[in-house]
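What follows is a single structure, written as structure tokens, with notes after it.
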Amino acid sequence: MWVDKTRFGMQGRSKFVHTMLRGIAESSLRRGSTASTVSLMRSQFMATAPPPAAKKAPTALVLLNMGGPRTTADVHDFLFRLFSDKDLIPIPFQSILAPWITKRRVPKIQDQYAKIGGGSPIFHWTQRQGLLLEQLMDRIRPESAPHKHYIAFRYAEPLSEPTVEEMKRDGVKRAVALSLYPQYSCSTTGSSLNELVRVLKTADPSGSIQWSVIDRYPTQPLLVETFATHIKESLEKEYPASERDSVPILFSAHSLPMSVVNRGDTYPQEVAATVQAVMEKLNVPNPYRLCWQSQVGPSAWLGPKTEEVIKGYGKAGKKNLLFVPIAFVSDHIETLFELDLEYGHVAKEAGVTGYKRVESLNDDPLFIQCLGELVKGHLDAGAKHTPQLPLRCPMCVNEKCGKTKEYFGSQKLEW
């Protein structure tokens, strides 16, 4: 019997073989052949049949971010992990103070999440970004398909440990850790990578998964274009033409303790690089400034504080201020509560009647394309990390940081 192989893939041929065997068996039994004869015929025929195609393990796209509590009941665990992280908030006697600070802050933070819908939407947006990215990657880089996204949050579920366990169950052999912090800091991307490496040393001691990392992309052209597009849309939508060109554009990013900044952390300069690139892309006459939000505790933090900037411009008689969350790629507590509600109230009290915020990137197709270009270029180049990652801060005192950089630098990538 002749089979047109161009019409049958591996699955088609397998189905064809089983159908034909069933027909032979039924015909033979009708003619009086014994079951043992049919069984022998089956085994002889199957010996010549091609084996079914093995399922290809996915290329893992592991999205790194801080995460957030999905419900108010999750706030305690989220805060405890956050205040226990020495990479993010270096405080003395941390093992003692972290539980105490957490307990004191839980009611206040639960109230904040209640005011934005009862929980953080960051998991929703990260999952959405991951699904769109894996679909895009399957189209633009079929040689590494199928791609599958995984989420490794630092302070909320899903954490790195269960994520790595899921990857191993899926048979993953190649993974790209993609930071959703466009600008690198030892306190954010660095902390996530430190935690990932800690988990891998226990969960995958043999190194069965090959890893590389996209650790920063502050001036990636499509990232810059997405921010610029959102700003332009807000200017045109929110302000009359007679006032539009004079509206101050205020870029706000999460602040850092000055102890971290003074060690030589690259975050401030990378955030400033994003701001500069966005303004050059916009090519508008508007004045602009960079300010810093979310300071916690009595220690010195990078400034000027976003809240104080609003008050200062209010006193100066500015009625319009357009805020841009320049270091965040999705909505969460710092955009929906801090910028929209808390600072919105500060602006109202200061007489800033034209206080507005630019829409976050979330699942903007242009931003998804940015992520796709980043991953494709990274895989095409066979890169382990950016050239910046191996260089430690000049006054670095964190041995975990050095070991993490060595871990990714020592990876032997087959493709």
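We name chains A, B, ... following the order of the structure tokens; residues begin at 1 in each chain, and ligands are numbered from 1 as shown.
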Nearby residues (only C-alpha atoms) at most 8 Å from segment 343-352 of chain A, same-chain spacing under 3 positions excluded, as a list in words: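 Close residues of segment 343-352 of chain A: Glu307, Ile310, Lys311, Gly314, Lys315, Gly317, Lys318, Lys319, Asn320, Leu321, Glu338, Leu339, Asp340 and Tyr355 of chain A.
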Would you output that residue set with N, CA, C and O atoms, as a short mmCIF file (atom, residue, chain, number, x, y, z; two decimals), in the first residue's frame?
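In the end it all went to again_23.cif:
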```cif
data_model
loop_
_atom_site.label_atom_id
_atom_site.label_comp_id
_atom_site.auth_asym_id
_atom_site.auth_seq_id
_atom_site.Cartn_x
_atom_site.Cartn_y
_atom_site.Cartn_z
N GLU A 307 6.18 64.12 46.18
CA GLU A 307 5.19 64.90 46.93
C GLU A 307 5.63 66.34 47.12
O GLU A 307 4.84 67.28 46.96
N ILE A 310 5.36 68.42 43.91
CA ILE A 310 3.99 68.89 43.66
C ILE A 310 3.68 70.13 44.50
O ILE A 310 3.16 71.14 44.00
N LYS A 311 4.04 70.06 45.78
CA LYS A 311 3.79 71.20 46.67
C LYS A 311 4.57 72.44 46.21
O LYS A 311 4.05 73.56 46.23
N GLY A 314 3.01 73.89 43.19
CA GLY A 314 1.76 74.53 43.57
C GLY A 314 1.99 75.91 44.14
O GLY A 314 1.28 76.87 43.79
N LYS A 315 2.98 76.03 44.99
CA LYS A 315 3.32 77.34 45.57
C LYS A 315 3.80 78.31 44.51
O LYS A 315 3.61 79.53 44.62
N GLY A 317 2.62 78.54 41.64
CA GLY A 317 1.50 78.94 40.80
C GLY A 317 1.25 78.06 39.59
O GLY A 317 0.43 78.40 38.73
N LYS A 318 1.92 76.91 39.52
CA LYS A 318 1.69 76.02 38.40
C LYS A 318 0.34 75.31 38.57
O LYS A 318 0.07 74.71 39.60
N LYS A 319 -0.48 75.39 37.54
CA LYS A 319 -1.80 74.76 37.59
C LYS A 319 -1.83 73.40 36.90
O LYS A 319 -2.70 72.58 37.18
N ASN A 320 -0.89 73.16 35.98
CA ASN A 320 -0.86 71.92 35.21
C ASN A 320 0.44 71.16 35.49
O ASN A 320 1.53 71.73 35.41
N LEU A 321 0.32 69.87 35.79
CA LEU A 321 1.46 68.99 35.96
C LEU A 321 1.09 67.63 35.37
O LEU A 321 0.08 67.04 35.75
N GLU A 338 -0.61 55.62 44.95
CA GLU A 338 0.31 56.69 45.31
C GLU A 338 0.22 57.88 44.35
O GLU A 338 0.01 59.02 44.77
N LEU A 339 0.38 57.61 43.05
CA LEU A 339 0.33 58.72 42.08
C LEU A 339 -1.10 59.23 41.88
O LEU A 339 -1.33 60.44 41.89
N ASP A 340 -2.05 58.33 41.69
CA ASP A 340 -3.40 58.77 41.34
C ASP A 340 -4.16 59.35 42.53
O ASP A 340 -4.75 60.45 42.42
N TYR A 355 -3.63 68.40 37.41
CA TYR A 355 -2.77 67.27 37.74
C TYR A 355 -3.26 66.04 37.00
O TYR A 355 -4.40 65.61 37.16
#
```
I want to know what sits within 12 Å of segment 139-143 of chain A, based on only C-alpha atoms, with residues of the same chain fewer than 6 positions away left out; could you give that as a list in words? Lys56, Pro58, Thr59, Leu132, Leu133, Gln369, Leu371, Gly372, Glu373, Leu374, Val375, Lys376, Gly377, His378, Leu379, Asp380 and Trp415 of chain A
Any idea what the distance is between atom CA of Thr102 of chain A and atom CA of Phe80 of chain A?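 Calculated distance between atom CA of Thr102 of chain A and atom CA of Phe80 of chain A is 5.5 Å.
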As a ChimeraX atom specification, please: all residues of segment 28-188 of chain A that backbone DSSP puts in helix (DSSP H, G or I). /A:28-30,35-48,72-83,94-114,122-140,142-144,160-169
Apply DSSP to the backbone of this structure and, from segment 211-368 of chain A, keep only the residues in strand (DSSP E or B); write these as a PyMOL selection string. chain A and resi 211-214+249-254+257+288-293+301+305+320-325+354-357
Segment 62-69 of chain A surroundings by only C-alpha atoms, 8 Å radius, close-in-sequence under 6 positions cut, as a PyMOL selection string: chain A and resi 75+78+119-123+126+130+149-157+175-181+188-189+192+332
At a cut-off of 10 Å, using only C-alpha atoms, what residues contact Ser185 of chain A? Leave out same-chain residues fewer than 4 positions from it and give the result as a compact mmCIF listing (two decimals) with N, CA and C atoms, in the first residue's frame.
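So out16.txt came out as:
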```
# COMPACT_ATOMS: atom_id res chain seq x y z
N ASP A 87 18.58 43.52 50.19
CA ASP A 87 18.97 44.17 48.94
C ASP A 87 18.12 45.41 48.68
N LEU A 88 16.86 45.38 49.13
CA LEU A 88 15.95 46.50 48.87
C LEU A 88 15.98 47.52 50.00
N TYR A 181 11.95 45.45 35.14
CA TYR A 181 12.47 46.77 35.55
C TYR A 181 13.37 47.23 34.42
N THR A 189 16.14 44.49 40.19
CA THR A 189 16.59 43.36 39.36
C THR A 189 17.66 42.55 40.07
N GLY A 190 18.60 43.23 40.71
CA GLY A 190 19.66 42.53 41.42
C GLY A 190 19.12 41.61 42.49
N SER A 191 18.15 42.08 43.26
CA SER A 191 17.54 41.28 44.31
C SER A 191 16.82 40.07 43.72
N ASP A 215 18.99 42.03 31.69
CA ASP A 215 19.00 42.68 33.00
C ASP A 215 18.66 44.17 32.97
N ARG A 216 18.62 44.77 31.78
CA ARG A 216 18.26 46.21 31.69
C ARG A 216 18.07 46.58 30.23
N LEU A 256 15.54 55.38 45.94
CA LEU A 256 16.48 54.44 46.55
C LEU A 256 17.09 55.05 47.80
N VAL A 260 22.45 53.03 49.20
CA VAL A 260 22.56 52.23 47.97
C VAL A 260 23.12 53.08 46.83
N VAL A 261 22.61 54.30 46.71
CA VAL A 261 23.09 55.20 45.66
C VAL A 261 24.59 55.45 45.80
N GLY A 264 27.28 53.21 44.40
CA GLY A 264 27.52 53.24 42.96
C GLY A 264 26.45 52.55 42.14
N ASP A 265 25.25 52.38 42.70
CA ASP A 265 24.15 51.75 41.97
C ASP A 265 23.86 52.53 40.68
N THR A 266 23.64 51.81 39.58
CA THR A 266 23.46 52.46 38.27
C THR A 266 22.05 52.99 38.04
N TYR A 267 21.12 52.70 38.93
CA TYR A 267 19.71 53.04 38.71
C TYR A 267 19.47 54.52 38.43
N PRO A 268 19.99 55.45 39.23
CA PRO A 268 19.68 56.86 38.95
C PRO A 268 20.09 57.29 37.56
N GLU A 270 20.49 55.40 34.91
CA GLU A 270 19.72 54.71 33.88
C GLU A 270 18.31 55.27 33.77
```
Might you pull out every residue within 12 Å of Pro298 of chain A, with only C-alpha atoms counted and same-chain residues fewer than 4 positions away left off, and present them as a VMD selection string? chain A and resid 89 91 257 to 258
Could you tell me which of A:Ser330, A:Gln388, A:Gln135, A:Gln295 comes closest to Leu61 of chain A if we count only C-alpha atoms?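 Among the listed residues, the smallest separation from Leu61 of chain A belongs to A:Gln135.
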From the set A:Met279, A:Ala57, A:Ala381, A:Leu322, which residue has the shortest atom-to-atom contact distance to Pro248 of chain A, counting only C-alpha atoms?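 When distances to Pro248 of chain A are compared using only C-alpha atoms, the smallest one comes from A:Leu322.
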So which one's closest to Lys55 of chain A, A:Val199, A:Val164, A:Ala114, A:Val172? Using only C-alpha atoms, please.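 With only C-alpha atoms as the atom set, the closest residue is A:Val172.
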If I take atom CA of Pro287 of chain A and atom CA of Arg244 of chain A, how far is one from the other in Å, to one decimal?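 So the two atoms, atom CA of Pro287 of chain A and atom CA of Arg244 of chain A, lie 11.1 Å apart.
Minimum atom-to-atom distance to Ala228 of chain A, evaluated using only C-alpha atoms, belongs to A:Phe367 out of A:Ser255, A:Phe367, A:Pro162, A:Val106.
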Could you tell me which of A:Tyr113, A:Trp100, A:Trp301, A:Phe251 comes closest to Ile231 of chain A if we count only C-alpha atoms?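 Closest to Ile231 of chain A of all the choices is A:Phe251.
For the set A:Arg392, A:Lys403, A:Lys384, A:Arg81, the residue with the smallest atom-to-atom gap to Ser95 of chain A is A:Arg81, counting only C-alpha atoms.
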Do you know which residues are at most 7 Å from Val324 of chain A counting only C-alpha atoms, after dropping those on the same chain fewer than 6 positions away, and could you put them as a PyMOL selection string? chain A and resi 250-252+357-358
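The two atoms in question, atom CA of Asp245 of chain A and atom CA of Lys356 of chain A, are spaced 14.9 Å apart.
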